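> I'm passing along input_13.cif; it holds mmCIF, C-alpha atoms and all ligand atoms.
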data_upload
loop_
_atom_site.label_atom_id
_atom_site.label_comp_id
_atom_site.auth_asym_id
_atom_site.auth_seq_id
_atom_site.Cartn_x
_atom_site.Cartn_y
_atom_site.Cartn_z
CA MET R 37 -41.19 29.09 11.64
CA PHE R 38 -38.58 26.37 11.95
CA ILE R 39 -36.06 26.19 14.74
CA SER R 40 -33.13 23.95 13.98
CA MET R 41 -31.30 22.78 17.14
CA ILE R 42 -27.55 22.13 17.19
CA PRO R 43 -26.52 18.45 17.08
CA GLY R 44 -26.61 17.09 20.62
CA ALA R 45 -28.95 19.77 21.99
CA LEU R 46 -30.29 18.84 25.40
CA ASP R 47 -33.93 17.88 25.95
CA GLU R 48 -34.44 20.83 28.32
CA GLN R 49 -33.10 23.20 25.66
CA VAL R 50 -35.68 21.84 23.18
CA SER R 51 -38.42 22.17 25.84
CA ALA R 52 -37.48 25.82 26.44
CA VAL R 53 -37.84 26.54 22.72
CA GLU R 54 -41.20 24.78 22.63
CA GLU R 55 -42.38 26.89 25.54
CA VAL R 56 -41.63 30.15 23.68
CA ILE R 57 -43.56 28.90 20.64
CA ARG R 58 -46.59 27.86 22.68
CA LYS R 59 -46.65 31.26 24.40
CA ALA R 60 -47.05 32.90 20.96
CA GLY R 61 -50.15 30.73 20.42
CA TYR R 62 -48.61 28.20 18.05
CA GLU R 63 -48.58 24.44 18.11
CA VAL R 64 -45.28 22.65 18.37
CA HIS R 65 -44.25 19.84 16.06
CA GLY R 66 -40.95 18.16 16.70
CA ILE R 67 -38.95 16.44 13.97
CA SER R 68 -36.08 14.22 15.06
CA GLY R 69 -33.36 13.61 12.51
CA THR R 70 -30.37 11.36 12.96
CA GLU R 71 -28.18 14.31 13.86
CA ARG R 72 -30.42 17.02 15.15
CA LYS R 73 -33.93 18.03 16.15
CA VAL R 74 -36.04 20.59 14.31
CA VAL R 75 -38.97 22.29 16.01
CA ALA R 76 -41.76 23.63 13.80
CA ALA R 77 -44.23 26.30 14.92
CA ILE R 78 -47.52 25.55 13.20
CA GLY R 79 -50.94 27.13 13.31
CA ALA R 80 -52.65 30.48 13.27
CA GLY R 81 -51.19 32.23 16.29
CA ASP R 82 -50.02 35.81 16.48
CA THR R 83 -47.50 35.99 13.61
CA TYR R 84 -46.10 39.32 14.71
CA LYS R 85 -45.62 38.04 18.25
CA LEU R 86 -43.88 34.96 16.93
CA LEU R 87 -41.63 37.07 14.71
CA GLU R 88 -40.71 39.21 17.68
CA THR R 89 -39.36 36.07 19.32
CA ILE R 90 -36.99 35.23 16.47
CA ASP R 91 -34.02 37.05 18.04
CA GLN R 92 -34.81 35.50 21.39
CA LEU R 93 -34.97 32.02 19.84
CA ASN R 94 -31.74 32.54 17.92
CA SER R 95 -29.91 33.39 21.14
CA MET R 96 -31.28 30.47 23.19
CA PRO R 97 -28.87 27.72 24.23
CA GLY R 98 -28.99 24.74 21.91
CA VAL R 99 -30.52 26.68 19.00
CA ASP R 100 -28.60 26.66 15.72
CA LYS R 101 -31.01 28.76 13.63
CA ALA R 102 -34.57 30.04 13.85
CA MET R 103 -35.97 30.62 10.36
CA ARG R 104 -39.20 32.19 9.26
CA VAL R 105 -41.31 30.53 6.57
CA SER R 106 -43.93 33.26 6.08
CA THR R 107 -43.08 36.57 4.39
CA PRO R 108 -42.36 39.64 6.55
CA PHE R 109 -44.71 41.74 4.42
CA ARG R 110 -48.42 41.13 4.59
CA LEU R 111 -50.56 43.84 3.04
CA VAL R 112 -49.12 43.85 -0.49
CA SER R 113 -48.54 40.10 -0.57
CA SER R 114 -49.94 38.00 -3.41
CA GLU R 115 -51.26 35.77 -0.64
CA ARG R 116 -53.89 38.49 -0.05
CA HIS R 117 -54.85 38.98 -3.68
CA GLU R 118 -53.75 36.26 -5.98
CA ARG R 119 -54.36 38.30 -9.12
CA ALA R 120 -52.36 41.43 -9.91
CA ARG R 121 -54.30 44.63 -9.25
CA PRO R 122 -53.89 47.45 -11.77
CA VAL R 123 -53.16 50.97 -10.53
CA VAL R 124 -54.90 53.89 -12.22
CA VAL R 125 -53.25 57.33 -12.41
CA GLY R 126 -54.98 60.53 -13.54
CA ILE R 127 -58.53 61.00 -14.66
CA GLY R 128 -60.55 61.16 -17.84
CA ASP R 129 -59.23 60.38 -21.33
CA ASN R 130 -55.60 60.50 -20.33
CA LYS R 131 -55.77 58.19 -17.39
CA VAL R 132 -52.98 55.67 -17.29
CA ILE R 133 -53.31 52.09 -16.14
CA PHE R 134 -50.27 50.31 -14.72
CA GLY R 135 -50.57 46.54 -14.82
CA GLY R 136 -53.20 46.60 -17.56
CA ASP R 137 -52.70 45.45 -21.15
CA GLU R 138 -50.44 48.30 -22.18
CA PHE R 139 -46.79 48.87 -21.38
CA VAL R 140 -46.62 52.32 -19.73
CA THR R 141 -43.79 54.71 -20.53
CA ILE R 142 -43.13 57.65 -18.20
CA ALA R 143 -40.61 60.09 -19.69
CA GLY R 144 -39.13 63.46 -18.91
CA PRO R 145 -36.08 65.22 -17.56
CA CYS R 146 -34.27 64.24 -14.40
CA SER R 147 -34.92 67.71 -12.95
CA VAL R 148 -37.30 70.45 -13.96
CA GLU R 149 -34.63 73.10 -14.48
CA THR R 150 -36.55 75.70 -16.44
CA LYS R 151 -39.99 76.03 -17.95
CA ARG R 152 -38.43 75.63 -21.39
CA VAL R 153 -36.77 72.31 -20.53
CA ILE R 154 -39.91 70.68 -19.19
CA MET R 155 -42.23 72.09 -21.87
CA ALA R 156 -40.01 71.19 -24.83
CA THR R 157 -39.30 67.73 -23.44
CA ALA R 158 -42.88 66.98 -22.39
CA LYS R 159 -44.30 68.01 -25.77
CA SER R 160 -41.83 65.84 -27.64
CA VAL R 161 -42.17 62.70 -25.49
CA ALA R 162 -45.98 63.06 -25.52
CA LYS R 163 -45.91 62.90 -29.32
CA ASN R 164 -43.70 59.86 -29.29
CA GLY R 165 -45.39 57.35 -27.05
CA ALA R 166 -44.98 58.60 -23.47
CA MET R 167 -48.15 58.16 -21.42
CA MET R 168 -46.92 60.12 -18.41
CA ILE R 169 -44.40 62.86 -17.69
CA ARG R 170 -41.67 62.82 -15.07
CA GLY R 171 -39.48 65.59 -13.67
CA GLY R 172 -37.85 66.30 -10.33
CA ALA R 173 -38.91 69.35 -8.33
CA PHE R 174 -37.16 68.25 -5.12
CA LYS R 175 -33.90 66.51 -5.94
CA PRO R 176 -32.11 64.04 -3.65
CA ARG R 177 -28.55 64.99 -4.69
CA SER R 178 -25.49 63.27 -3.28
CA THR R 179 -23.74 66.59 -2.61
CA TYR R 180 -25.45 69.54 -0.98
CA THR R 181 -23.76 71.97 -3.35
CA SER R 182 -25.47 70.39 -6.39
CA PHE R 183 -28.70 71.70 -7.92
CA GLN R 184 -31.51 70.82 -5.49
CA GLY R 185 -34.52 71.46 -7.72
CA LEU R 186 -36.87 74.41 -8.12
CA GLY R 187 -39.42 73.19 -5.60
CA GLN R 188 -42.90 74.67 -5.99
CA LYS R 189 -41.97 76.56 -9.16
CA ALA R 190 -41.17 73.20 -10.79
CA LEU R 191 -44.52 71.81 -9.69
CA GLU R 192 -46.21 74.76 -11.43
CA TYR R 193 -44.26 74.07 -14.62
CA LEU R 194 -45.15 70.39 -14.46
CA ALA R 195 -48.82 71.29 -14.07
CA GLU R 196 -48.49 73.50 -17.15
CA ALA R 197 -46.88 70.67 -19.09
CA ARG R 198 -49.80 68.44 -18.07
CA GLU R 199 -52.23 71.12 -19.27
CA VAL R 200 -50.54 71.35 -22.69
CA THR R 201 -49.90 67.63 -23.30
CA GLY R 202 -52.86 66.17 -21.42
CA LEU R 203 -50.49 63.70 -19.73
CA PRO R 204 -50.47 63.15 -15.95
CA PHE R 205 -47.15 63.53 -14.13
CA VAL R 206 -45.17 61.90 -11.35
CA THR R 207 -42.65 63.72 -9.21
CA GLU R 208 -40.59 62.86 -6.16
CA VAL R 209 -41.39 63.94 -2.64
CA MET R 210 -38.51 63.75 -0.18
CA ASP R 211 -39.86 65.22 3.00
CA VAL R 212 -42.93 64.64 5.15
CA ARG R 213 -43.36 68.42 5.29
CA ASP R 214 -43.72 68.65 1.50
CA VAL R 215 -46.26 65.87 0.94
CA GLU R 216 -49.27 68.13 1.13
CA LEU R 217 -47.75 70.64 -1.32
CA VAL R 218 -46.61 68.06 -3.87
CA ALA R 219 -49.91 66.17 -3.62
CA ARG R 220 -51.76 69.37 -4.55
CA TYR R 221 -50.07 69.33 -7.98
CA ALA R 222 -48.98 65.78 -8.83
CA ASP R 223 -50.98 62.83 -10.17
CA MET R 224 -48.60 60.33 -8.59
CA LEU R 225 -45.98 60.67 -5.84
CA GLN R 226 -42.55 59.15 -6.23
CA ILE R 227 -40.51 57.79 -3.36
CA GLY R 228 -36.88 57.73 -4.45
CA THR R 229 -34.27 55.09 -3.81
CA LYS R 230 -32.69 57.06 -0.95
CA ASN R 231 -35.99 57.39 0.89
CA MET R 232 -37.37 53.89 0.48
CA GLY R 233 -36.65 53.17 4.12
CA ASN R 234 -38.12 56.41 5.47
CA GLN R 235 -41.16 54.95 7.21
CA ASN R 236 -42.65 58.30 8.27
CA LEU R 237 -42.55 59.50 4.68
CA LEU R 238 -44.02 56.22 3.42
CA MET R 239 -46.95 56.55 5.78
CA GLU R 240 -47.47 60.21 4.95
CA VAL R 241 -47.65 59.56 1.20
CA GLY R 242 -49.94 56.64 1.98
CA LYS R 243 -52.32 59.08 3.67
CA SER R 244 -52.32 61.40 0.63
CA GLY R 245 -54.52 58.88 -1.20
CA LEU R 246 -52.56 59.45 -4.44
CA PRO R 247 -50.99 56.56 -6.33
CA ILE R 248 -47.37 56.00 -5.25
CA LEU R 249 -44.35 55.08 -7.34
CA LEU R 250 -42.09 53.25 -4.93
CA LYS R 251 -38.51 52.86 -6.06
CA ARG R 252 -36.38 50.10 -4.61
CA GLY R 253 -33.61 51.25 -2.29
CA PHE R 254 -30.26 50.68 -4.00
CA ALA R 255 -29.12 48.52 -1.11
CA ALA R 256 -32.49 47.00 -0.25
CA THR R 257 -33.47 43.37 -0.57
CA CYS R 258 -36.76 42.56 -2.29
CA ASP R 259 -38.33 41.85 1.11
CA ASP R 260 -37.17 45.28 2.40
CA TRP R 261 -38.82 46.84 -0.66
CA PHE R 262 -42.11 44.98 -0.20
CA CYS R 263 -42.09 45.86 3.53
CA ALA R 264 -41.76 49.52 2.51
CA ALA R 265 -44.84 49.07 0.29
CA ASP R 266 -46.61 47.60 3.33
CA TYR R 267 -45.99 50.88 5.18
CA VAL R 268 -47.79 52.80 2.41
CA ALA R 269 -50.59 50.23 2.35
CA SER R 270 -50.91 50.43 6.14
CA GLN R 271 -52.53 53.85 5.60
CA GLY R 272 -55.29 52.34 3.46
CA ASN R 273 -53.55 53.11 0.15
CA GLU R 274 -52.84 50.09 -2.02
CA ASN R 275 -52.32 52.08 -5.21
CA ILE R 276 -48.61 51.39 -5.33
CA VAL R 277 -46.42 50.80 -8.36
CA LEU R 278 -43.04 49.22 -7.62
CA CYS R 279 -39.97 50.39 -9.53
CA GLU R 280 -36.71 48.46 -9.86
CA ARG R 281 -33.96 51.02 -10.53
CA GLY R 282 -30.73 49.14 -9.98
CA ILE R 283 -28.79 48.11 -6.90
CA ARG R 284 -25.19 48.49 -5.82
CA THR R 285 -23.00 45.55 -6.70
CA PHE R 286 -19.31 45.11 -7.44
CA SER R 287 -20.21 44.94 -11.12
CA SER R 288 -21.17 48.60 -11.03
CA MET R 289 -17.62 49.67 -10.23
CA GLY R 290 -15.23 51.36 -12.60
CA PRO R 291 -15.48 54.09 -15.19
CA ASN R 292 -16.87 51.77 -17.87
CA GLY R 293 -19.37 49.97 -15.70
CA VAL R 294 -23.03 50.67 -15.19
CA ARG R 295 -23.87 52.96 -12.28
CA PHE R 296 -26.08 50.38 -10.61
CA THR R 297 -26.86 46.78 -11.54
CA LEU R 298 -30.41 46.43 -12.79
CA ASP R 299 -31.78 43.45 -10.86
CA ILE R 300 -33.76 41.85 -13.64
CA GLY R 301 -34.79 38.86 -11.52
CA ALA R 302 -36.44 41.26 -9.08
CA VAL R 303 -39.10 42.08 -11.69
CA PRO R 304 -40.71 38.62 -11.92
CA ILE R 305 -40.10 38.13 -8.18
CA ALA R 306 -41.97 41.34 -7.30
CA LYS R 307 -44.79 40.32 -9.62
CA ALA R 308 -45.03 36.89 -8.04
CA LYS R 309 -44.71 37.94 -4.41
CA THR R 310 -47.00 40.99 -4.49
CA PHE R 311 -50.15 41.99 -6.36
CA LEU R 312 -48.62 45.32 -7.42
CA PRO R 313 -47.59 46.46 -10.91
CA VAL R 314 -43.82 46.62 -11.44
CA ILE R 315 -41.92 49.02 -13.66
CA VAL R 316 -38.22 49.59 -14.34
CA ASP R 317 -36.03 52.69 -14.41
CA PRO R 318 -33.37 51.96 -17.04
CA SER R 319 -31.80 55.43 -16.75
CA HIS R 320 -30.59 55.44 -13.14
CA ALA R 321 -29.38 51.85 -13.45
CA ALA R 322 -27.41 52.50 -16.64
CA GLY R 323 -26.05 55.91 -15.68
CA LYS R 324 -24.94 56.32 -19.26
CA ARG R 325 -27.02 57.07 -22.37
CA SER R 326 -25.47 54.40 -24.57
CA LEU R 327 -26.36 51.68 -22.02
CA VAL R 328 -30.03 52.67 -21.73
CA PRO R 329 -31.48 50.70 -24.71
CA ALA R 330 -30.03 47.40 -23.42
CA HIS R 331 -31.64 48.05 -20.03
CA VAL R 332 -34.98 48.82 -21.67
CA GLY R 333 -34.83 45.59 -23.65
CA ALA R 334 -34.01 43.60 -20.54
CA ALA R 335 -36.82 45.26 -18.56
CA ILE R 336 -39.42 44.47 -21.19
CA GLY R 337 -38.08 40.95 -21.56
CA ALA R 338 -38.44 40.49 -17.82
CA GLY R 339 -42.13 41.35 -18.06
CA ALA R 340 -42.11 44.87 -16.58
CA ASP R 341 -45.43 46.71 -16.75
CA GLY R 342 -43.70 49.90 -17.84
CA MET R 343 -40.66 52.12 -17.49
CA ILE R 344 -39.68 55.54 -16.22
CA ILE R 345 -36.99 57.01 -18.42
CA GLU R 346 -35.02 60.24 -18.43
CA VAL R 347 -35.21 62.42 -21.54
CA HIS R 348 -33.98 66.01 -21.89
CA ASN R 349 -34.16 68.53 -24.73
CA ASN R 350 -30.49 69.35 -24.18
CA PRO R 351 -28.85 66.66 -22.00
CA LYS R 352 -25.38 68.19 -22.28
CA ALA R 353 -26.56 71.23 -20.37
CA ALA R 354 -28.62 69.28 -17.80
CA LYS R 355 -28.00 70.19 -14.17
CA SER R 356 -28.36 66.58 -13.02
CA ASP R 357 -27.79 63.17 -14.60
CA SER R 358 -26.52 64.73 -17.80
CA ALA R 359 -24.75 61.54 -18.96
CA GLN R 360 -27.79 59.27 -18.87
CA GLN R 361 -30.61 61.41 -20.23
CA LEU R 362 -31.71 60.61 -23.77
CA TYR R 363 -31.89 63.25 -26.48
CA LEU R 364 -35.39 63.85 -27.83
CA ASP R 365 -34.63 62.08 -31.11
CA GLY R 366 -32.99 59.21 -29.22
CA PHE R 367 -36.20 58.67 -27.27
CA THR R 368 -38.23 58.81 -30.48
CA ARG R 369 -36.04 56.11 -32.04
CA LEU R 370 -36.06 53.97 -28.91
CA MET R 371 -39.84 54.03 -28.66
CA LYS R 372 -40.17 52.69 -32.21
CA GLY R 373 -38.67 49.41 -31.02
CA VAL R 374 -40.76 49.06 -27.87
CA PRO R 375 -44.05 47.57 -29.21
CA ALA R 376 -42.32 44.64 -30.93
CA LEU R 377 -40.36 43.89 -27.76
CA VAL R 378 -43.48 44.01 -25.61
CA LYS R 379 -45.21 41.59 -27.97
CA ALA R 380 -42.22 39.24 -28.02
CA SER R 381 -41.95 39.33 -24.26
CA LYS R 382 -45.58 38.24 -23.85
CA ALA R 383 -44.77 35.19 -25.94
CA LEU R 384 -42.04 34.07 -23.53
CA SER R 385 -43.14 31.26 -21.30
CA ILE R 386 -42.11 27.82 -20.13
C1 LIG U 401 -35.24 60.13 -10.04
O1 LIG U 401 -36.00 59.34 -10.59
O2 LIG U 401 -35.22 61.32 -10.29
C2 LIG U 401 -34.31 59.64 -9.01
C3 LIG U 401 -33.62 60.47 -8.24
O3 LIG U 401 -34.22 58.31 -8.98
P1 LIG U 401 -33.64 57.34 -7.83
O4 LIG U 401 -34.35 57.71 -6.58
O5 LIG U 401 -33.97 55.98 -8.35
O6 LIG U 401 -32.16 57.59 -7.78
MN MN U 402 -32.04 61.47 -12.40
#
The structure given in the file should be rewritten as structure tokens.


Amino acid sequence: MFISMIPGALDEQVSAVEEVIRKAGYEVHGISGTERKVVAAIGAGDTYKLLETIDQLNSMPGVDKAMRVSTPFRLVSSERHERARPVVVGIGDNKVIFGGDEFVTIAGPCSVETKRVIMATAKSVAKNGAMMIRGGAFKPRSTYTSFQGLGQKALEYLAEAREVTGLPFVTEVMDVRDVELVARYADMLQIGTKNMGNQNLLMEVGKSGLPILLKRGFAATCDDWFCAADYVASQGNENIVLCERGIRTFSSMGPNGVRFTLDIGAVPIAKAKTFLPVIVDPSHAAGKRSLVPAHVGAAIGAGADGMIIEVHNNPKAAKSDSAQQLYLDGFTRLMKGVPALVKASKALSI
């Protein structure tokens, strides 16, 4: 940590700062510039204790700014494991590896509305390159009057779709009380954008032992997102796949804009700062079918390990996210272009 003093800070103000640092078990190194002094906390003291002092330091007389150098997340940091660690979902012949050699496509409807919707969609996407199925059983809708999902019934339908296609499935869990139920059916648990900061839920899914798909909160920084992954990992579960799904920016505004801005830079950042696989959700970022292919191309170009994409056998009649879900034949066409893009993306380097 560096503490930059204001120009003209008094010697006793600098000494008081040094005292706080020493108490946290760190050594003090002073740097005197022409205008101001900077105090560096160096060594292997109690990082958490030192971080707890950051507010205190920032409010001390004579201090301009106390800045951390180390990352606030620890467990999923690439400092712990330099090489990326693949995450395996499912068992047997149809197991899926995120962060391996293959680009992983997860596809399916936004919500599991009926058995027909999930079966027809799952069968079609399975034939056309999807390696996993998606579908919401518990839906985090913005209005309470909207369709909330079929709950357990949807989990049963998803399990049937897995039986027929052989593909594992991921579905969202929104509530600590539902983790045990959803974990009984699903191959992977999804934490949605609205729940990324729900620490109790993060720890509960961590305890389930299942692989976790952790979406980035739409107003979360990358560090917030990696700290959320740390909560899951704190329960001994490091099988986490990160998912960039778009964030709120001014560019998202207006009827012709995207719903969220896909933060493409976050993909290589997440891969550099953590050892976790990173995928992209082009559907929720785009918000509109016609914008989805561009988002897929960008995601692959950015080096994503896979994507989770919404596909519906009859999007016009969908009870949620009707405008962004691809038609079955649209998905089939889109997937034809994916292998060449993946290959081209691997050739990009500096
Ligand atoms: C979803 O994938 O169904 C979903 C609700 O996504 P998000 O949490 O990213 O909005
Ligand atoms: Mn959706």

> Could you give me, as JSON lines, every region 298-349 of chain R residue with an atom at most 10 Å from region 237-261 of chain R, plus its closest atom pair and distance in Å to one decimal, counting all atoms listed in the file, rows ordered by chain then number?


{"residue": "R:Leu298", "atom": "CA", "partner": "R:Phe254", "partner_atom": "CA", "distance": 9.8}
{"residue": "R:Asp299", "atom": "CA", "partner": "R:Cys258", "partner_atom": "CA", "distance": 10.0}
{"residue": "R:Ala302", "atom": "CA", "partner": "R:Cys258", "partner_atom": "CA", "distance": 6.9}
{"residue": "R:Val303", "atom": "CA", "partner": "R:Cys258", "partner_atom": "CA", "distance": 9.7}
{"residue": "R:Ile305", "atom": "CA", "partner": "R:Cys258", "partner_atom": "CA", "distance": 8.1}
{"residue": "R:Ala306", "atom": "CA", "partner": "R:Cys258", "partner_atom": "CA", "distance": 7.3}
{"residue": "R:Lys309", "atom": "CA", "partner": "R:Asp259", "partner_atom": "CA", "distance": 9.3}
{"residue": "R:Pro313", "atom": "CA", "partner": "R:Leu249", "partner_atom": "CA", "distance": 9.9}
{"residue": "R:Val314", "atom": "CA", "partner": "R:Leu249", "partner_atom": "CA", "distance": 9.4}
{"residue": "R:Ile315", "atom": "CA", "partner": "R:Leu249", "partner_atom": "CA", "distance": 9.1}
{"residue": "R:Val316", "atom": "CA", "partner": "R:Lys251", "partner_atom": "CA", "distance": 8.9}
{"residue": "R:Asp317", "atom": "CA", "partner": "R:Lys251", "partner_atom": "CA", "distance": 8.7}
{"residue": "R:Ala321", "atom": "CA", "partner": "R:Phe254", "partner_atom": "CA", "distance": 9.6}

> Quick one: write out the picked residues with C-alpha atoms as a compact mmCIF listing (two decimals), in the coordinates of the input?


# COMPACT_ATOMS: atom_id res chain seq x y z
CA LEU R 298 -30.41 46.43 -12.79
CA ASP R 299 -31.78 43.45 -10.86
CA ALA R 302 -36.44 41.26 -9.08
CA VAL R 303 -39.10 42.08 -11.69
CA ILE R 305 -40.10 38.13 -8.18
CA ALA R 306 -41.97 41.34 -7.30
CA LYS R 309 -44.71 37.94 -4.41
CA PRO R 313 -47.59 46.46 -10.91
CA VAL R 314 -43.82 46.62 -11.44
CA ILE R 315 -41.92 49.02 -13.66
CA VAL R 316 -38.22 49.59 -14.34
CA ASP R 317 -36.03 52.69 -14.41
CA ALA R 321 -29.38 51.85 -13.45

> Could you tell me which of R:Val161, R:Ile300, R:Cys263, R:Ile344 comes closest to Asp365 (chain R) if we count only C-alpha atoms?

R:Val161

> Choose the residue, out of R:Gln226, R:Gln360, R:Thr297, R:Ser160, that has the smallest atom-to-atom separation from Val200 (chain R); count only C-alpha atoms.

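Closest candidate: R:Ser160.
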
> Select the residues contacting ligand LIG 401 (chain U) at a distance of at most 7 Å, based on only C-alpha atoms and all ligand atoms, then format the selection as a list in words.

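Final answer, ordered by chain and number: Cys146, Ser147, Gly171, Gly172, Lys175, Pro176, Glu208, Ile227, Gly228, Thr229, Lys230, Lys251, Arg281 and His320 of chain R.
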
> Looking at only C-alpha atoms, which of R:Met289, R:Met210, R:Ala264, R:Ile42 is the one that sits closest to Arg177 (chain R)?

R:Met210

> Using only C-alpha atoms and all ligand atoms for the distances, tell me which of R:Ser270, R:Ser326, R:Ser319, R:Ser182 is nearest to ligand MN 402 (chain U).

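For ligand MN 402 (chain U), the nearest of the candidates is R:Ser319.
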
> Once you count all atoms listed in the file, which residues end up no further than 10 Å from (-47.2, 43.3, -9.2) in the file's frame, shown as a list of chain:residue names?

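Residues with an atom at most 10 Å from (-47.2, 43.3, -9.2): R:Val112, R:Ser113, R:Ser114, R:Arg119, R:Ala120, R:Arg121, R:Pro122, R:Val123, R:Phe134, R:Gly135, R:Ile276, R:Val277, R:Leu278, R:Val303, R:Pro304, R:Ile305, R:Ala306, R:Lys307, R:Ala308, R:Lys309, R:Thr310, R:Phe311, R:Leu312, R:Pro313, R:Val314, R:Ile315, R:Ala340, R:Asp341.
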
> Give me the residues near region 125-129 of chain R as a PyMOL selection string, where near means some atom within 9 Å (using all atoms listed in the file) and where sequence neighbours in that chain fewer than 3 positions away do not count.

chain R and resi 132-134+202-205+223-224+246-247+275

> What residues have an atom no more than 12 Å from (-43.7, 72.6, -10.3) in the file's own frame, counting all atoms listed in the file, and can you write them as a PyMOL selection string?

chain R and resi 147-151+154-155+170-174+185-198+205-209+217-222

> What is the distance between CA of Leu327 (chain R) and CA of Tyr363 (chain R), in Å to one decimal?

13.6 Å

> I'd like to know which of R:Ile283, R:Val332, R:Ser178, R:Gly290 is closest to ligand MN 402 (chain U), using all atoms listed in the file.

R:Ser178

> Please determine, counting all atoms listed in the file, which residue among R:Met37, R:Ala383, R:Val124, R:Val99 has the shortest atom-to-atom distance to Ser51 (chain R).

R:Val99

> Take CA of Thr157 (chain R) and CA of Asp137 (chain R) and report the distance between them in Å, one decimal.

26.1 Å

> Which residues are near Lys101 (chain R)? Cut-off 10 Å, only C-alpha atoms, ignore same chain within fewer than 5 positions. Put them as number ranges by chain.

R: 38-42, 74, 90-91, 93-96

> If you measure from CA of Gln235 (chain R) to CA of Val268 (chain R), what distance in Å do you get, rounded to one decimal?

8.5 Å

> Each side padded by 6 Å, which centre and which edge lengths in Å (one decimal) define the axis-aligned box around the listed atoms of region 219-222 of chain R? Give them as JSON.


{"center_x": -50.4, "center_y": 67.6, "center_z": -6.2, "size_x": 14.8, "size_y": 15.6, "size_z": 17.2}

> Can you pull out the residues contacting His348 (chain R)? Cut-off 7 Å, using all atoms listed in the file, and skip same-chain residues under 2 positions away; I want them as a list in words.

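Here the qualifying residues turn out to be Gly144, Pro145, Thr157, Glu346, Asn350, Pro351, Gln361, Leu362, Tyr363 and Leu364 of chain R.
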
> What lies within 9 Å of Val374 (chain R) using all atoms listed in the file, ignoring chain neighbours under 2 positions off, as an NGL selection string?

:R and (139 or 332-333 or 336 or 370-372 or 376-379)
